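Enquirer: Sharing target-v8.txt below, compact mmCIF, C-alpha atoms:
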# COMPACT_ATOMS: atom_id res chain seq x y z
CA MET A 1 11.83 25.80 -190.09
CA HIS A 2 12.49 25.96 -193.81
CA THR A 3 15.25 24.30 -195.78
CA SER A 4 16.91 27.66 -196.58
CA SER A 5 17.60 28.55 -192.93
CA THR A 6 18.74 24.98 -192.15
CA LEU A 7 21.14 25.11 -195.09
CA VAL A 8 22.56 28.48 -193.99
CA LEU A 9 22.88 27.11 -190.42
CA VAL A 10 24.80 24.04 -191.66
CA LEU A 11 27.11 26.13 -193.87
CA ALA A 12 27.74 28.76 -191.16
CA VAL A 13 28.51 26.21 -188.42
CA PHE A 14 30.61 24.03 -190.74
CA GLY A 15 32.64 27.03 -191.99
CA ALA A 16 33.12 28.51 -188.51
CA SER A 17 34.18 25.18 -187.02
CA ALA A 18 36.52 24.40 -189.94
CA VAL A 19 38.25 27.78 -189.89
CA GLU A 20 38.74 27.78 -186.10
CA MET A 21 39.96 24.18 -186.14
CA ILE A 22 42.54 25.03 -188.84
CA GLU A 23 43.94 27.57 -186.37
CA ALA A 24 43.79 25.01 -183.53
CA LEU A 25 45.39 22.34 -185.72
CA THR A 26 48.44 24.57 -186.21
CA ILE A 27 49.00 24.60 -182.45
CA VAL A 28 48.27 20.85 -182.00
CA VAL A 29 50.70 19.91 -184.82
CA ALA A 30 53.34 22.21 -183.33
CA ALA A 31 52.83 20.59 -179.89
CA GLY A 32 52.88 17.10 -181.44
CA VAL A 33 56.06 17.66 -183.40
CA SER A 34 57.93 19.33 -180.53
CA ARG A 35 56.61 17.45 -177.48
CA GLY A 36 55.21 14.14 -178.74
CA TRP A 37 51.99 13.19 -180.50
CA ARG A 38 50.35 11.23 -177.71
CA SER A 39 50.15 14.17 -175.28
CA ALA A 40 49.17 16.63 -178.02
CA LEU A 41 46.34 14.43 -179.27
CA GLU A 42 45.14 13.72 -175.72
CA GLY A 43 45.13 17.47 -174.99
CA ALA A 44 43.14 18.16 -178.16
CA ALA A 45 40.65 15.36 -177.42
CA ALA A 46 40.18 16.54 -173.81
CA ALA A 47 39.46 20.10 -175.02
CA ALA A 48 36.97 18.82 -177.61
CA LEU A 49 35.22 16.84 -174.86
CA VAL A 50 34.97 19.90 -172.59
CA LEU A 51 33.61 21.98 -175.49
CA GLY A 52 30.98 19.30 -176.21
CA VAL A 53 29.92 19.25 -172.55
CA LEU A 54 29.64 23.08 -172.64
CA VAL A 55 27.26 22.88 -175.62
CA ALA A 56 25.04 20.41 -173.77
CA VAL A 57 25.16 22.16 -170.37
CA VAL A 58 24.46 25.67 -171.74
CA GLY A 59 22.48 24.91 -174.90
CA VAL A 60 19.85 22.42 -173.65
CA PRO A 61 18.54 24.62 -170.77
CA LEU A 62 18.43 27.60 -173.16
CA ILE A 63 16.09 25.70 -175.50
CA ARG A 64 13.92 24.34 -172.67
CA TYR A 65 13.51 27.32 -170.38
CA VAL A 66 14.06 30.60 -172.28
CA PRO A 67 11.15 32.05 -174.29
CA ILE A 68 11.91 31.77 -178.00
CA SER A 69 11.45 35.49 -178.83
CA ALA A 70 13.82 36.60 -176.03
CA LEU A 71 16.29 33.88 -177.04
CA ARG A 72 16.23 34.98 -180.68
CA THR A 73 16.80 38.65 -179.80
CA VAL A 74 19.77 37.88 -177.54
CA VAL A 75 21.18 35.28 -179.95
CA GLY A 76 20.67 37.66 -182.88
CA ALA A 77 22.57 40.40 -181.03
CA LEU A 78 25.44 38.00 -180.22
CA LEU A 79 25.61 36.79 -183.82
CA LEU A 80 25.58 40.39 -185.05
CA VAL A 81 28.52 41.38 -182.84
CA LEU A 82 30.45 38.28 -183.92
CA GLY A 83 29.46 38.45 -187.60
CA LEU A 84 30.16 42.15 -188.03
CA SER A 85 33.56 41.84 -186.36
CA TRP A 86 34.52 38.81 -188.52
CA LEU A 87 33.39 40.69 -191.65
CA ARG A 88 35.25 43.86 -190.67
CA LYS A 89 38.46 41.89 -190.09
CA ALA A 90 38.01 39.91 -193.33
CA ILE A 91 37.45 43.09 -195.37
CA LEU A 92 40.53 44.75 -193.86
CA ARG A 93 42.61 41.62 -194.56
CA ALA A 94 41.31 41.12 -198.12
CA SER A 95 41.95 44.79 -198.96
CA GLY A 96 45.50 44.70 -197.61
CA HIS A 97 44.99 46.95 -194.57
CA LYS A 98 45.61 44.07 -192.15
CA ASP A 99 48.00 41.13 -192.40
CA LEU A 100 46.53 37.76 -193.36
CA HIS A 101 46.46 35.11 -190.63
CA ASP A 102 49.84 33.43 -191.09
CA GLU A 103 49.67 29.76 -189.99
CA ASP A 104 53.31 29.16 -190.98
CA ARG A 105 54.51 31.97 -188.70
CA ILE A 106 52.30 30.80 -185.79
CA TYR A 107 53.55 27.23 -186.30
CA ALA A 108 57.21 28.30 -186.33
CA GLU A 109 56.74 30.46 -183.22
CA THR A 110 54.94 27.70 -181.30
CA VAL A 111 57.55 25.07 -182.22
CA ALA A 112 60.35 27.46 -181.23
CA SER A 113 58.78 28.26 -177.87
CA LEU A 114 58.07 24.58 -177.12
CA SER A 115 61.61 23.56 -178.06
CA SER A 116 63.29 26.30 -176.04
CA PRO A 117 65.44 25.34 -173.03
CA ASP A 118 62.81 26.84 -170.69
CA ALA A 119 60.10 24.60 -172.15
CA GLU A 120 62.40 21.56 -172.06
CA ALA A 121 62.96 22.19 -168.35
CA LEU A 122 59.18 22.07 -167.75
CA GLU A 123 58.95 18.48 -168.95
CA GLY A 124 56.65 16.46 -166.74
CA GLY A 125 54.59 13.28 -166.63
CA SER A 126 55.59 9.77 -167.64
CA LYS A 127 57.91 8.70 -170.44
CA ASP A 128 55.13 8.65 -173.01
CA ARG A 129 53.28 11.69 -171.73
CA ASP A 130 54.35 15.31 -171.74
CA SER A 131 52.28 17.76 -169.67
CA VAL A 132 53.49 20.83 -171.61
CA GLY A 133 52.40 19.32 -174.94
CA PHE A 134 49.04 18.33 -173.39
CA VAL A 135 48.37 21.80 -171.96
CA VAL A 136 49.41 23.65 -175.13
CA ALA A 137 47.22 21.44 -177.35
CA PHE A 138 44.33 21.67 -174.86
CA LYS A 139 44.51 25.46 -174.72
CA GLY A 140 44.80 25.77 -178.50
CA VAL A 141 41.70 23.67 -179.19
CA PHE A 142 39.72 25.08 -176.25
CA LEU A 143 40.38 28.75 -177.04
CA GLU A 144 39.74 28.41 -180.78
CA GLY A 145 36.72 26.21 -180.09
CA THR A 146 35.01 28.63 -177.68
CA GLU A 147 33.78 30.82 -180.53
CA VAL A 148 32.50 27.71 -182.32
CA VAL A 149 30.61 26.70 -179.16
CA LEU A 150 28.99 30.15 -179.04
CA ILE A 151 27.98 29.87 -182.70
CA VAL A 152 26.66 26.31 -182.24
CA ILE A 153 24.64 27.29 -179.16
CA SER A 154 23.35 30.53 -180.75
CA LEU A 155 22.33 29.10 -184.10
CA GLY A 156 21.26 25.73 -182.72
CA ALA A 157 19.16 27.09 -179.85
CA SER A 158 17.43 29.81 -181.86
CA GLN A 159 16.26 27.27 -184.45
CA HIS A 160 15.82 24.39 -182.00
CA ARG A 161 18.46 22.48 -183.95
CA LEU A 162 21.17 22.22 -181.30
CA GLY A 163 21.90 18.55 -182.11
CA LEU A 164 22.32 19.26 -185.81
CA ALA A 165 24.54 22.30 -185.15
CA ALA A 166 26.75 20.33 -182.73
CA LEU A 167 26.98 17.41 -185.16
CA VAL A 168 28.00 19.65 -188.07
CA ALA A 169 30.64 21.41 -185.93
CA GLY A 170 32.00 18.03 -184.82
CA VAL A 171 32.16 16.70 -188.39
CA ALA A 172 34.00 19.84 -189.56
CA ALA A 173 36.50 19.56 -186.69
CA LEU A 174 37.08 15.85 -187.40
CA LEU A 175 37.53 16.50 -191.12
CA VAL A 176 40.10 19.25 -190.50
CA GLY A 177 41.84 17.04 -187.93
CA ALA A 178 41.90 14.03 -190.29
CA VAL A 179 43.32 16.08 -193.17
CA GLY A 180 45.87 17.58 -190.79
CA VAL A 181 46.97 14.13 -189.61
CA LEU A 182 47.11 12.82 -193.21
CA VAL A 183 49.30 15.66 -194.45
CA SER A 184 50.99 15.80 -191.03
CA ARG A 185 51.25 19.56 -190.93
CA GLN A 186 49.22 22.73 -190.44
CA LEU A 187 46.90 23.72 -193.28
CA SER A 188 48.45 27.00 -194.42
CA GLU A 189 47.23 26.60 -198.01
CA VAL A 190 43.56 26.76 -197.03
CA PRO A 191 41.99 30.12 -198.02
CA GLU A 192 41.18 30.92 -194.42
CA ASN A 193 40.17 34.55 -194.99
CA THR A 194 37.71 33.53 -197.71
CA ILE A 195 36.05 31.00 -195.41
CA LYS A 196 36.00 33.55 -192.60
CA THR A 197 34.38 36.09 -194.94
CA ALA A 198 31.67 33.61 -195.94
CA VAL A 199 30.98 32.70 -192.31
CA GLY A 200 30.94 36.40 -191.33
CA ILE A 201 28.33 37.05 -194.03
CA MET A 202 26.15 34.19 -192.76
CA LEU A 203 26.49 35.16 -189.09
CA THR A 204 25.61 38.79 -189.85
CA SER A 205 22.61 37.68 -191.92
CA PHE A 206 21.40 35.38 -189.14
CA GLY A 207 22.01 38.17 -186.60
CA VAL A 208 19.89 40.70 -188.48
CA PHE A 209 17.21 38.06 -189.12
CA TRP A 210 16.90 36.87 -185.51
CA VAL A 211 17.05 40.36 -184.01
CA GLY A 212 14.15 41.28 -186.31
CA GLU A 213 12.22 38.06 -185.55
CA GLY A 214 12.77 38.44 -181.80
CA ALA A 215 11.46 42.01 -181.91
CA GLY A 216 8.38 40.98 -183.90
CA VAL A 217 9.42 42.19 -187.35
CA HIS A 218 7.71 40.14 -190.08
CA TRP A 219 10.19 39.36 -192.84
CA PRO A 220 8.69 39.19 -196.34
CA GLY A 221 8.66 35.51 -197.34
CA ASP A 222 9.57 34.50 -193.75
CA ASP A 223 12.69 32.25 -193.84
CA VAL A 224 13.19 32.93 -197.55
CA ALA A 225 14.41 36.37 -196.42
CA LEU A 226 17.54 34.69 -195.02
CA PRO A 227 19.21 33.79 -198.36
CA VAL A 228 18.28 37.30 -199.57
CA LEU A 229 20.10 38.77 -196.57
CA VAL A 230 23.10 36.52 -197.28
CA ALA A 231 23.21 37.79 -200.89
CA PHE A 232 22.87 41.41 -199.70
CA PHE A 233 25.75 41.15 -197.21
CA ALA A 234 27.88 39.28 -199.77
CA LEU A 235 27.44 42.20 -202.19
CA ILE A 236 28.16 44.71 -199.43
CA THR A 237 31.36 42.82 -198.51
CA VAL A 238 32.59 42.77 -202.12
CA ALA A 239 31.82 46.49 -202.48
CA TYR A 240 33.51 47.46 -199.19
CA THR A 241 36.59 45.35 -200.00
CA ALA A 242 36.89 47.09 -203.41
CA LEU A 243 36.42 50.47 -201.73
CA MET A 244 39.10 49.76 -199.13
CA ARG A 245 41.51 48.56 -201.87
CA THR A 246 41.11 51.90 -203.71
CA LYS A 247 41.85 53.72 -200.43
CA LEU A 248 45.04 51.65 -200.04
CA SER A 249 46.24 52.36 -203.58
CA ALA A 250 45.34 56.06 -203.18
CA ALA A 251 47.40 56.19 -199.99
CA ALA A 252 50.31 54.38 -201.68
CA SER A 253 50.35 56.70 -204.70
CA SER A 254 50.24 59.85 -202.53
CA ARG A 255 53.45 58.78 -200.73
CA MET B 1 38.58 29.10 -152.49
CA LYS B 2 37.51 32.77 -152.58
CA ALA B 3 40.58 33.66 -154.63
CA ALA B 4 39.86 30.87 -157.12
CA ILE B 5 36.25 32.02 -157.56
CA GLY B 6 37.43 35.62 -157.97
CA LYS B 7 39.97 34.56 -160.59
CA GLY B 8 37.35 32.49 -162.41
CA LEU B 9 34.94 35.42 -162.47
CA ARG B 10 37.68 37.75 -163.74
CA VAL B 11 38.57 35.32 -166.54
CA PHE B 12 34.86 34.92 -167.40
CA GLY B 13 34.32 38.69 -167.41
CA HIS B 14 37.47 39.25 -169.45
CA PHE B 15 36.32 36.71 -172.05
CA TRP B 16 32.94 38.40 -172.50
CA TRP B 17 34.50 41.88 -172.53
CA ASP B 18 36.92 40.76 -175.26
CA PHE B 19 34.14 39.01 -177.15
CA LEU B 20 31.54 41.77 -177.02
CA ILE B 21 33.64 44.94 -176.85
CA GLY B 22 37.32 44.17 -177.55
CA ASP B 23 38.89 46.69 -179.91
CA THR B 24 35.60 47.34 -181.70
CA PRO B 25 33.31 48.99 -179.13
CA GLU B 26 31.50 50.71 -182.00
CA LEU B 27 30.14 47.33 -183.14
CA ALA B 28 28.70 46.63 -179.68
CA VAL B 29 27.01 50.05 -179.74
CA ALA B 30 25.82 49.42 -183.32
CA THR B 31 24.27 46.10 -182.26
CA LEU B 32 22.40 47.77 -179.39
CA LEU B 33 21.14 50.44 -181.80
CA LEU B 34 20.01 47.74 -184.25
CA VAL B 35 18.12 45.89 -181.48
CA GLY B 36 16.48 49.20 -180.49
CA LEU B 37 15.61 49.90 -184.12
CA ALA B 38 14.10 46.41 -184.51
CA PHE B 39 11.77 47.00 -181.56
CA ALA B 40 10.93 50.50 -182.81
CA VAL B 41 9.78 49.23 -186.22
CA ASP B 42 8.29 45.88 -185.11
CA HIS B 43 5.30 44.69 -187.15
CA ASN B 44 6.15 47.15 -189.91
CA ARG B 45 7.11 44.68 -192.64
CA LEU B 46 8.83 47.09 -195.03
CA ALA B 47 10.61 49.26 -192.46
CA GLY B 48 12.06 46.27 -190.60
CA ALA B 49 13.11 44.35 -193.68
CA VAL B 50 14.77 47.36 -195.31
CA LEU B 51 16.13 49.38 -192.40
CA LEU B 52 17.75 46.59 -190.36
CA PRO B 53 20.11 45.24 -193.08
CA LEU B 54 20.74 48.73 -194.40
CA MET B 55 21.74 50.11 -191.00
CA ALA B 56 23.88 47.01 -190.31
CA ALA B 57 25.71 47.71 -193.60
CA VAL B 58 26.22 51.37 -192.64
CA PHE B 59 27.62 50.42 -189.21
CA LEU B 60 29.93 47.86 -190.84
CA LEU B 61 31.28 50.52 -193.20
CA LEU B 62 31.87 52.99 -190.35
CA SER B 63 33.71 50.36 -188.30
CA THR B 64 35.79 49.22 -191.29
CA VAL B 65 36.80 52.81 -192.06
CA ARG B 66 37.77 53.22 -188.39
CA GLY B 67 39.82 50.02 -188.63
CA ARG B 68 41.54 51.25 -191.79
CA ARG B 69 42.43 54.56 -190.11
CA ARG B 70 43.81 52.77 -187.07
CA ALA B 71 45.84 50.42 -189.27
CA SER B 72 47.32 53.25 -191.32
CA GLY B 73 47.84 55.47 -188.26
CA ASP B 74 45.80 58.43 -189.65
Could you show the structure in this file as structure tokens?
Expert:
Amino acid sequence: MHTSSTLVLVLAVFGASAVEMIEALTIVVAAGVSRGWRSALEGAAAAALVLGVLVAVVGVPLIRYVPISALRTVVGALLLVLGLSWLRKAILRASGHKDLHDEDRIYAETVASLSSPDAEALEGGSKDRDSVGFVVAFKGVFLEGTEVVLIVISLGASQHRLGLAALVAGVAALLVGAVGVLVSRQLSEVPENTIKTAVGIMLTSFGVFWVGEGAGVHWPGDDVALPVLVAFFALITVAYTALMRTKLSAAASSR
Amino acid sequence: MKAAIGKGLRVFGHFWWDFLIGDTPELAVATLLLVGLAFAVDHNRLAGAVLLPLMAAVFLLLSTVRGRRRASGD
């Protein structure tokens, strides 16, 4: 496997894990502030552990027992569905047709719901532990992390680099978590849509590449075709975003 | 026990339905078409390398336009 595809794998997994963990961090911080840090951090750690086990339990047998061409076709198709939908959403958000992901709003809503009288009444566990905070943090990390697990397994298994993919995802999650703890709040200033766009471009490129490889298509230059695909989909994304912006201004001026 | 397994299967099915179909069924269909196209042009270096990314770009545009229409209520 060439350096170019390894580099794209590292960037795609790192970006995907970082962006999903920013969303998870919002929920963990909200749970920590409203219900206590110990339970929130334990919930987040438990979810991360379950996600890691999932990668090992699903990913390792995939590499060992599924023929590589079948694996690449299926993985390519999964990455295409995921990549195209991330890109579509990112284009609609960047062009103003869809609201940007608002971490501040999600944070405020989560804190409000966890501080409500109903939530207070659900308090359980010992003095130091709060089951509501644990469950909310667990769910936040687990749900946001599921997509990362799929990306890690897909990219890692198709290139036989599952360990590297899992390591990169873990490092990204730890980095986001550490920054979140240091600043002690959710990371609303991070250009989440830009990261999501970049990851969408890489996932779509990988998807097209692996679907072709799995079906027996010979890419000119082999793995060198991957950065070319990334550049192609980056151009397409810029063009579509500009096109959608003109549609928005045309609609606004006709009103 | 049966109820728990049934619930687990429903949650599992719901996750994959949301993941693969969700509110963009056209992208799932597009992916199937792209896989079919890849097998149809296998071993043809130029056709595969040109058609696959090009068709993916076309499907992305169609889905984005659909998303824009849904967002603006056209």
Enquirer: Quick one: distance from CA of Ile201 (chain A) to CA of Phe233 (chain A) in Å, one decimal?
Expert: 5.8 Å
Enquirer: Using all atoms listed in the file, find the one residue out of B:Leu9, B:Ala57, B:Leu51, B:Ala4 that sits nearest to chain A.
Expert: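 Of B:Leu9, B:Ala57, B:Leu51, B:Ala4, the one nearest chain A is B:Ala57, counting all atoms listed in the file.
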Enquirer: Given the choices B:Val11, B:Val50, B:Leu27, B:Met1, which gets closest to chain A if the distance is worked out from all atoms listed in the file?
Expert: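 Among B:Val11, B:Val50, B:Leu27, B:Met1, it is B:Leu27 that comes nearest to chain A.
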Enquirer: Just want the 7 Å neighbourhood of Ala40 (chain A), counted on only C-alpha atoms, with same-chain residues fewer than 4 positions away dropped. Output as a list in words.
Expert: Val28, Ala31, Gly32, Gly36, Ala44, Gly133, Phe134 and Ala137 of chain A
Enquirer: Separation of CA of Gly43 (chain A) and CA of Val135 (chain A), in Å?
Expert: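 Taking CA of Gly43 (chain A) and CA of Val135 (chain A), their separation equals 6.2 Å.
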Enquirer: From the set B:Gly13, B:Ser72, B:Val41, B:Ala28, which residue has the shortest atom-to-atom contact distance to Leu60 (chain B), counting only C-alpha atoms?
Expert: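 Smallest distance to Leu60 (chain B) is found for B:Ala28.
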Enquirer: Could you list, as a compact mmCIF listing (two decimals) with C-alpha atoms, in the frame of the given file, every residue of chain A that has an atom within 6 Å of an atom of chain B, counting only C-alpha atoms?
Expert:
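part_2.txt, written as the output of this step:
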# COMPACT_ATOMS: atom_id res chain seq x y z
CA ARG A 88 35.25 43.86 -190.67
CA GLY A 212 14.15 41.28 -186.31
CA ALA A 215 11.46 42.01 -181.91
CA GLY A 216 8.38 40.98 -183.90
CA VAL A 217 9.42 42.19 -187.35
CA HIS A 218 7.71 40.14 -190.08
CA TRP A 219 10.19 39.36 -192.84
Enquirer: Please, what distance in Å, to one decimal, runs between CA of Ala16 (chain A) and CA of Ala172 (chain A)?
Expert: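 Those two atoms sit 8.8 Å apart.
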Enquirer: With all atoms listed in the file as the counted atoms, please give the residues lying no more than 7 Å from region 73-82 of chain A, apart from itself and same-chain residues fewer than 2 positions off, as a count of residues only.
Expert: 21
